[in-house]
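**Student:** TSV, C-alpha atoms, file my_file.tsv:
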chain	number	residue	atom	x	y	z
Q	15	MET	CA	72.08	108.48	135.35
Q	16	THR	CA	72.07	104.76	134.60
Q	17	VAL	CA	74.38	102.81	132.31
Q	18	SER	CA	72.77	100.16	130.14
Q	19	THR	CA	74.00	96.61	129.82
Q	20	HIS	CA	74.70	97.33	126.16
Q	21	GLU	CA	76.91	100.32	127.02
Q	22	ILE	CA	78.83	98.23	129.55
Q	23	ALA	CA	79.35	95.49	126.95
Q	24	VAL	CA	80.56	98.00	124.35
Q	25	GLU	CA	82.99	99.56	126.83
Q	26	THR	CA	84.25	96.12	127.84
Q	27	ARG	CA	84.87	95.15	124.23
Q	28	ARG	CA	86.65	98.45	123.63
Q	29	SER	CA	88.86	97.91	126.68
Q	30	GLN	CA	89.67	94.37	125.55
Q	31	ALA	CA	90.54	95.64	122.07
Q	32	ASP	CA	92.76	98.35	123.56
Q	33	ARG	CA	94.55	95.83	125.77
Q	34	ARG	CA	95.08	93.47	122.84
Q	35	SER	CA	96.39	96.30	120.67
Q	36	GLU	CA	98.82	97.33	123.42
Q	37	SER	CA	100.04	93.78	124.00
Q	38	ASP	CA	100.52	93.28	120.25
Q	39	ARG	CA	102.51	96.49	120.03
Q	40	ARG	CA	104.73	95.53	122.95
Q	41	MET	CA	105.32	92.01	121.64
Q	42	MET	CA	106.18	93.30	118.17
Q	43	SER	CA	108.66	95.73	119.73
Q	44	ALA	CA	110.14	92.94	121.85
Q	45	ALA	CA	110.36	90.59	118.86
Q	46	ALA	CA	112.17	93.25	116.81
Q	47	LYS	CA	114.71	93.87	119.58
Q	48	LEU	CA	115.40	90.17	120.13
Q	49	ILE	CA	115.58	89.25	116.44
Q	50	ALA	CA	117.89	92.21	115.82
Q	51	ARG	CA	120.25	90.89	118.52
Q	52	GLN	CA	119.87	87.13	118.13
Q	53	GLY	CA	118.46	86.52	114.68
Q	54	VAL	CA	115.29	84.66	113.83
Q	55	ALA	CA	116.71	81.22	114.65
Q	56	GLY	CA	118.05	82.39	118.02
Q	57	THR	CA	114.81	83.95	119.24
Q	58	SER	CA	112.05	81.98	120.98
Q	59	LEU	CA	108.43	82.90	121.52
Q	60	ALA	CA	108.88	82.53	125.27
Q	61	GLU	CA	111.66	85.14	125.23
Q	62	VAL	CA	109.40	87.54	123.32
Q	63	GLY	CA	106.67	87.21	125.94
Q	64	ILE	CA	109.07	87.85	128.81
Q	65	GLU	CA	110.82	90.76	127.01
Q	66	ALA	CA	107.43	92.37	126.39
Q	67	GLY	CA	106.49	92.04	130.08
Q	68	TYR	CA	103.96	89.24	129.68
Q	69	SER	CA	103.90	85.49	130.20
Q	70	ARG	CA	106.02	83.03	128.25
Q	71	GLY	CA	102.87	81.59	126.74
Q	72	LEU	CA	101.15	84.73	125.43
Q	73	PRO	CA	103.06	84.84	122.10
Q	74	VAL	CA	102.10	81.20	121.49
Q	75	GLU	CA	98.47	81.99	122.30
Q	76	ARG	CA	98.52	85.05	120.03
Q	77	TYR	CA	100.68	83.93	117.08
Q	78	GLY	CA	100.80	80.15	117.36
Q	79	THR	CA	104.33	79.54	116.10
Q	80	LYS	CA	107.53	81.44	115.47
Q	81	LEU	CA	106.53	81.59	111.82
Q	82	GLY	CA	103.28	83.25	112.84
Q	83	LEU	CA	105.19	85.75	114.96
Q	84	VAL	CA	107.62	86.60	112.16
Q	85	ARG	CA	104.74	87.01	109.70
Q	86	ALA	CA	103.05	89.38	112.16
Q	87	LEU	CA	106.25	91.40	112.59
Q	88	LEU	CA	106.71	91.73	108.84
Q	89	ALA	CA	103.08	92.84	108.46
Q	90	ALA	CA	103.40	95.35	111.31
Q	91	THR	CA	106.55	96.80	109.74
Q	92	GLU	CA	104.82	97.20	106.40
Q	93	THR	CA	101.74	98.78	107.96
Q	94	TRP	CA	103.82	101.36	109.84
Q	95	PHE	CA	105.86	102.26	106.78
Q	96	ARG	CA	102.81	102.43	104.50
Q	97	ASP	CA	101.11	104.85	106.90
Q	98	HIS	CA	104.30	106.88	107.19
Q	99	LEU	CA	104.59	107.13	103.39
Q	100	ALA	CA	100.96	108.16	103.06
Q	101	THR	CA	101.82	111.30	105.03
Q	102	THR	CA	105.26	111.82	103.49
Q	103	LEU	CA	104.05	111.48	99.89
Q	104	ALA	CA	100.77	113.37	100.22
Q	105	GLY	CA	100.32	115.37	97.00
Q	106	LYS	CA	103.71	114.29	95.62
Q	107	SER	CA	104.40	112.35	92.43
Q	108	GLY	CA	107.07	111.52	89.88
Q	109	LEU	CA	110.72	112.18	90.62
Q	110	GLU	CA	110.00	114.09	93.82
Q	111	ALA	CA	108.04	111.13	95.21
Q	112	ILE	CA	110.86	108.75	94.29
Q	113	GLU	CA	113.38	110.88	96.14
Q	114	LEU	CA	111.09	111.08	99.17
Q	115	ARG	CA	110.70	107.30	99.16
Q	116	VAL	CA	114.46	106.86	99.08
Q	117	LYS	CA	114.91	109.32	101.95
Q	118	ALA	CA	112.17	107.64	104.00
Q	119	HIS	CA	113.64	104.19	103.46
Q	120	LEU	CA	117.16	105.23	104.46
Q	121	ALA	CA	115.84	107.22	107.43
Q	122	SER	CA	114.32	104.09	108.98
Q	123	VAL	CA	117.42	103.67	111.16
Q	124	ASP	CA	116.61	106.99	112.81
Q	125	ARG	CA	113.25	105.58	113.88
Q	126	SER	CA	114.62	102.28	115.14
Q	127	ASP	CA	117.91	100.51	114.60
Q	128	SER	CA	116.42	97.31	116.00
Q	129	ALA	CA	113.39	97.34	113.70
Q	130	THR	CA	115.67	97.85	110.70
Q	131	ALA	CA	118.05	95.10	111.80
Q	132	ALA	CA	115.13	92.75	112.50
Q	133	LEU	CA	113.71	93.30	109.02
Q	134	HIS	CA	117.03	92.44	107.41
Q	135	ALA	CA	117.32	89.40	109.68
Q	136	ILE	CA	113.94	88.25	108.35
Q	137	TYR	CA	115.19	88.76	104.78
Q	138	THR	CA	118.17	86.52	105.56
Q	139	ALA	CA	116.13	83.90	107.42
Q	140	SER	CA	113.74	83.58	104.49
Q	141	GLN	CA	116.65	82.27	102.43
Q	142	SER	CA	117.84	79.80	105.04
Q	143	VAL	CA	116.25	78.77	108.34
Q	144	MET	CA	112.71	79.89	107.52
Q	145	PRO	CA	112.04	79.27	103.80
Q	146	GLU	CA	108.30	79.60	104.48
Q	147	MET	CA	108.93	83.36	104.62
Q	148	LYS	CA	110.41	83.50	101.13
Q	149	LYS	CA	107.09	84.28	99.40
Q	150	PRO	CA	105.86	86.78	102.05
Q	151	VAL	CA	109.21	88.60	101.89
Q	152	ALA	CA	109.14	88.63	98.08
Q	153	ALA	CA	105.61	90.05	98.15
Q	154	PHE	CA	106.64	92.64	100.75
Q	155	THR	CA	109.61	93.88	98.71
Q	156	GLY	CA	107.59	93.59	95.50
Q	157	ARG	CA	105.03	96.07	96.80
Q	158	TRP	CA	107.82	98.49	97.68
Q	159	THR	CA	109.27	98.18	94.19
Q	160	ALA	CA	105.81	98.64	92.68
Q	161	GLY	CA	105.53	102.00	94.44
Q	162	LEU	CA	108.72	103.17	92.76
Q	163	VAL	CA	107.49	101.92	89.39
Q	164	ALA	CA	104.23	103.84	89.80
Q	165	HIS	CA	106.10	107.08	90.47
Q	166	MET	CA	108.32	106.50	87.44
Q	167	HIS	CA	105.26	106.11	85.24
Q	168	GLU	CA	103.85	109.32	86.73
Q	169	GLY	CA	107.04	111.15	85.82
Q	170	GLN	CA	107.07	109.70	82.32
Q	171	ALA	CA	103.50	110.90	81.79
Q	172	THR	CA	104.50	114.48	82.63
Q	173	GLY	CA	107.80	114.37	80.74
Q	174	GLU	CA	109.80	114.68	83.96
Q	175	ILE	CA	111.29	111.19	83.73
Q	176	ARG	CA	112.91	109.68	80.65
Q	177	LYS	CA	110.54	107.63	78.53
Q	178	ASP	CA	113.24	105.23	77.36
Q	179	ILE	CA	113.97	103.66	80.76
Q	180	ASP	CA	112.77	100.24	81.90
Q	181	CYS	CA	110.80	101.25	85.00
Q	182	GLU	CA	110.69	97.75	86.49
Q	183	ALA	CA	114.44	97.26	86.15
Q	184	GLU	CA	115.24	100.76	87.47
Q	185	ALA	CA	112.95	100.27	90.46
Q	186	ARG	CA	114.49	96.90	91.30
Q	187	PHE	CA	117.95	98.45	91.12
Q	188	LEU	CA	116.97	101.33	93.42
Q	189	HIS	CA	115.37	99.01	95.94
Q	190	ALA	CA	118.40	96.71	95.92
Q	191	ALA	CA	120.71	99.70	96.35
Q	192	MET	CA	118.74	100.92	99.35
Q	193	ARG	CA	118.76	97.49	100.98
Q	194	GLY	CA	122.49	97.21	100.38
Q	195	LEU	CA	123.14	100.62	101.94
Q	196	MET	CA	121.03	99.74	104.97
Q	197	MET	CA	122.90	96.46	105.41
Q	198	GLN	CA	126.22	98.30	105.17
Q	199	TYR	CA	125.04	100.76	107.83
Q	200	LEU	CA	123.96	97.92	110.13
Q	201	MET	CA	127.44	96.44	109.82
Q	202	ASP	CA	129.51	99.59	110.36
Q	203	GLY	CA	127.07	101.93	112.12
Q	204	SER	CA	128.35	105.06	110.37
Q	205	HIS	CA	125.71	107.76	110.01
Q	206	LYS	CA	128.24	109.88	108.09
Q	207	ASP	CA	128.80	107.15	105.50
Q	208	LEU	CA	125.06	106.56	105.18
Q	209	ALA	CA	124.42	110.28	104.66
Q	210	GLN	CA	127.07	110.41	101.93
Q	211	ALA	CA	125.68	107.29	100.27
Q	212	LYS	CA	122.16	108.75	100.38
Q	213	ALA	CA	123.35	111.91	98.64
Q	214	ILE	CA	125.04	109.84	95.93
Q	215	LEU	CA	121.95	107.67	95.42
Q	216	LEU	CA	119.65	110.71	95.18
Q	217	ALA	CA	121.98	112.31	92.65
Q	218	HIS	CA	121.90	109.05	90.71
Q	219	CYS	CA	118.09	109.16	90.69
Q	220	ARG	CA	118.05	112.65	89.24
Q	221	ASP	CA	120.80	112.02	86.68
Q	222	ARG	CA	119.67	108.57	85.63
Q	223	LEU	CA	115.90	109.04	85.62
Q	224	GLY	CA	115.37	112.71	84.93
Q	225	ALA	CA	114.56	113.82	81.40
Q	226	ARG	CA	117.06	116.28	79.93
Q	227	LYS	CA	114.63	119.16	80.27
Q	228	ALA	CA	113.99	118.32	83.94
Q	229	ARG	CA	117.74	118.10	84.62
Q	230	ARG	CA	118.38	121.50	83.03
Q	231	ILE	CA	115.67	123.09	85.19
Q	232	LYS	CA	117.23	121.66	88.33
What would you get if you wrote out this structure as structure tokens?
**Tutor:**
Amino acid sequence: MTVSTHEIAVETRRSQADRRSESDRRMMSAAAKLIARQGVAGTSLAEVGIEAGYSRGLPVERYGTKLGLVRALLAATETWFRDHLATTLAGKSGLEAIELRVKAHLASVDRSDSATAALHAIYTASQSVMPEMKKPVAAFTGRWTAGLVAHMHEGQATGEIRKDIDCEAEARFLHAAMRGLMMQYLMDGSHKDLAQAKAILLAHCRDRLGARKARRIK
């Protein structure tokens, strides 16, 4: 059996793509850990390369600047969470989907404390040392809020969610509440307090958003 030049080339490209994917994954993980510990301003590209097990120069070659690295980390975080939600929310809509989104958001610390802390460090940096990230962060959080709005409209269409609420305002409040709870957890590290806060926020969702008929059924 002979292997054609074309097959060798395809396999080589596949191997290169696999290696690049693996190095990207490791550098994103390293960046999250370092930014969580040291903040955006205190983390260098060289440190990311070394932490990931590569050369000091690979992050520069791959991302160009620290801004490029932070943009890549934000995008990787969003991609992971979007894929996670696609599975979590499959076939769900309305109030149930809102509650699942809240649970998924607040459960992010169980997946990775460092990734959660790094994301909030990026939020903070966008308002201070890295203002170039202000628009990307606003777009990132805006898409999250838009998902909540969409579920509220779904619930209004079925009569499950009150028709007199301002969906945009309610979604912004929920998103802000979740970010505040995550920040509080990152500061005090109490899983018990976070669990209690999650229960309160979910009850708020049902009581505040649910139509009277839906609340009676529950």
**Student:** Just give me the gap between CA of Ala139 (chain Q) and CA of Lys206 (chain Q) in Å, one decimal is fine.
**Tutor:** 28.7 Å
**Student:** What's the separation between CA of Tyr68 (chain Q) and CA of Ala31 (chain Q), in Å to one decimal place?
**Tutor:**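 That distance, rounded to one decimal, is 16.7 Å.
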**Student:** CA of Ala131 (chain Q) and CA of Gln52 (chain Q), how far apart in Å?
**Tutor:**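 Computing the Euclidean distance for CA of Gln52 (chain Q) and CA of Ala131 (chain Q) yields 10.3 Å.
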**Student:** For each of Q:His165, Q:Val62, Q:Ala121, Q:Leu109, take the minimum atom-to-atom distance to Arg220 (chain Q), counting only C-alpha atoms, then give the residue where this is smallest.
**Tutor:**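 The closest residue to Arg220 (chain Q) is Q:Leu109.
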**Student:** Could you name the residues that touch His218 (chain Q) at 12 Å or less, counting all atoms listed in the file, but leaving out those on the same chain fewer than 2 positions away, as a VMD selection string?
**Tutor:** chain Q and resid 109 112 to 113 116 184 187 to 188 191 211 to 216 220 to 224 229
